[in-house]
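Engineer: Could you have a look at this structure, given as structure tokens, before my questions?
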Amino acid sequence: MVILTPVMKDFGFNETNSAPAPTQANGKQEVRCAVRFPLRMQVGITTSHGLIKAFTRNVSASGVLFEMPELMQPGALIDFTLKMPGDALGLKADVSIACQGRVTRSTKEGEVFLTASTIDEYEFV
């Protein structure tokens with residue numbers, strides 16, 4: 001069963017267009033508190049060290065998984081703006097959401113780093 005937050009419903013997501021939680025290496029399914037949606041888009045992440053260009057891999061109401069060129073330290077505070085495509089949401093215009101979050105983990109996968117971040121605060125801009 002998929003439970004959607006009001007924010008996800010605002011974006012036009014429903015029970016049929018969400019991504020299932022992946023299976024871990026030990027065969028157990030991950031436990032998540034929010035549904036993740038596979039969504040790849042370019043984003044600039046502002047850190048205390050400057051701007052980093054990255055891509056989203058998936059997005060949920062409570063966090064984002066980024067593909068980025070460098071390792072981020074867990075606990076680092078970040079700012080980023082998600083530009084949600086209007087056509088994918090059934091809207092005439094794109095929707096921009098300014099987010100503040102913190103890095104929860106960062107691991108190397110091939111040539112990129114996968115960095116997970118919470119979305120602690122957000123504002124439609």
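Every chain in the structure tokens has a letter given in the order shown (A, B, ...), and although residue numbers restart at 1 in each chain, ligands are simply numbered from 1 in the order shown.
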Can you list, as a PyMOL selection string, every protein, DNA or RNA residue that comes within 10 Å of Gly86 of chain A when you count only C-alpha atoms, leaving out same-chain residues fewer than 3 positions away?

Structural biologist: chain A and resi 11-12+83+89-96

Engineer: Write out as a VMD selection string the set of residues from segment 66-125 of chain A that DSSP, computed on the backbone, places in strand (DSSP E or B).

Structural biologist: chain A and resid 66 to 68 77 to 84 95 to 109 112 to 118 121 to 124

Engineer: Residues as selected, C-alpha atoms, written as a JSON list (two decimals), in the first residue's frame, can you do that?

Structural biologist:
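Saved result, again-v7.json, follows:
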[["chain", "number", "residue", "atom", "x", "y", "z"],
["A", 66, "PHE", "CA", 21.56, 12.90, -5.83],
["A", 67, "GLU", "CA", 24.25, 11.76, -8.27],
["A", 68, "MET", "CA", 27.19, 14.12, -7.85],
["A", 77, "LEU", "CA", 23.60, 21.47, 5.38],
["A", 78, "ILE", "CA", 22.58, 22.05, 1.76],
["A", 79, "ASP", "CA", 20.18, 24.23, -0.24],
["A", 80, "PHE", "CA", 18.76, 23.23, -3.63],
["A", 81, "THR", "CA", 15.86, 24.07, -5.89],
["A", 82, "LEU", "CA", 13.85, 21.33, -7.59],
["A", 83, "LYS", "CA", 12.20, 22.33, -10.85],
["A", 84, "MET", "CA", 9.35, 19.85, -11.24],
["A", 95, "VAL", "CA", 6.91, 24.22, -10.42],
["A", 96, "SER", "CA", 10.04, 25.31, -8.54],
["A", 97, "ILE", "CA", 10.59, 24.30, -4.94],
["A", 98, "ALA", "CA", 13.41, 25.83, -2.88],
["A", 99, "CYS", "CA", 14.59, 23.22, -0.37],
["A", 100, "GLN", "CA", 16.84, 23.12, 2.66],
["A", 101, "GLY", "CA", 18.15, 19.81, 3.89],
["A", 102, "ARG", "CA", 21.07, 17.87, 5.28],
["A", 103, "VAL", "CA", 23.16, 15.04, 3.93],
["A", 104, "THR", "CA", 22.36, 11.67, 5.52],
["A", 105, "ARG", "CA", 24.83, 9.52, 3.56],
["A", 106, "SER", "CA", 27.20, 9.63, 0.58],
["A", 107, "THR", "CA", 28.70, 6.59, -1.17],
["A", 108, "LYS", "CA", 30.69, 6.00, -4.35],
["A", 109, "GLU", "CA", 28.98, 4.17, -7.23],
["A", 112, "VAL", "CA", 29.75, 9.25, -9.25],
["A", 113, "PHE", "CA", 28.80, 9.66, -5.63],
["A", 114, "LEU", "CA", 25.26, 8.92, -4.47],
["A", 115, "THR", "CA", 24.27, 11.41, -1.81],
["A", 116, "ALA", "CA", 21.04, 11.16, 0.15],
["A", 117, "SER", "CA", 19.58, 14.29, 1.69],
["A", 118, "THR", "CA", 16.57, 15.10, 3.80],
["A", 121, "GLU", "CA", 12.15, 22.81, 4.80],
["A", 122, "TYR", "CA", 10.72, 23.78, 1.43],
["A", 123, "GLU", "CA", 8.97, 26.71, -0.22],
["A", 124, "PHE", "CA", 7.23, 26.97, -3.58]]

Engineer: Could you check how far atom CA of Val64 of chain A sits from atom CA of Arg36 of chain A, in Å to one decimal?

Structural biologist: 8.4 Å

Engineer: Between atom CA of Val125 of chain A and atom CA of Asn58 of chain A, what is the spacing in Å?

Structural biologist: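 The value is 20.8 Å.
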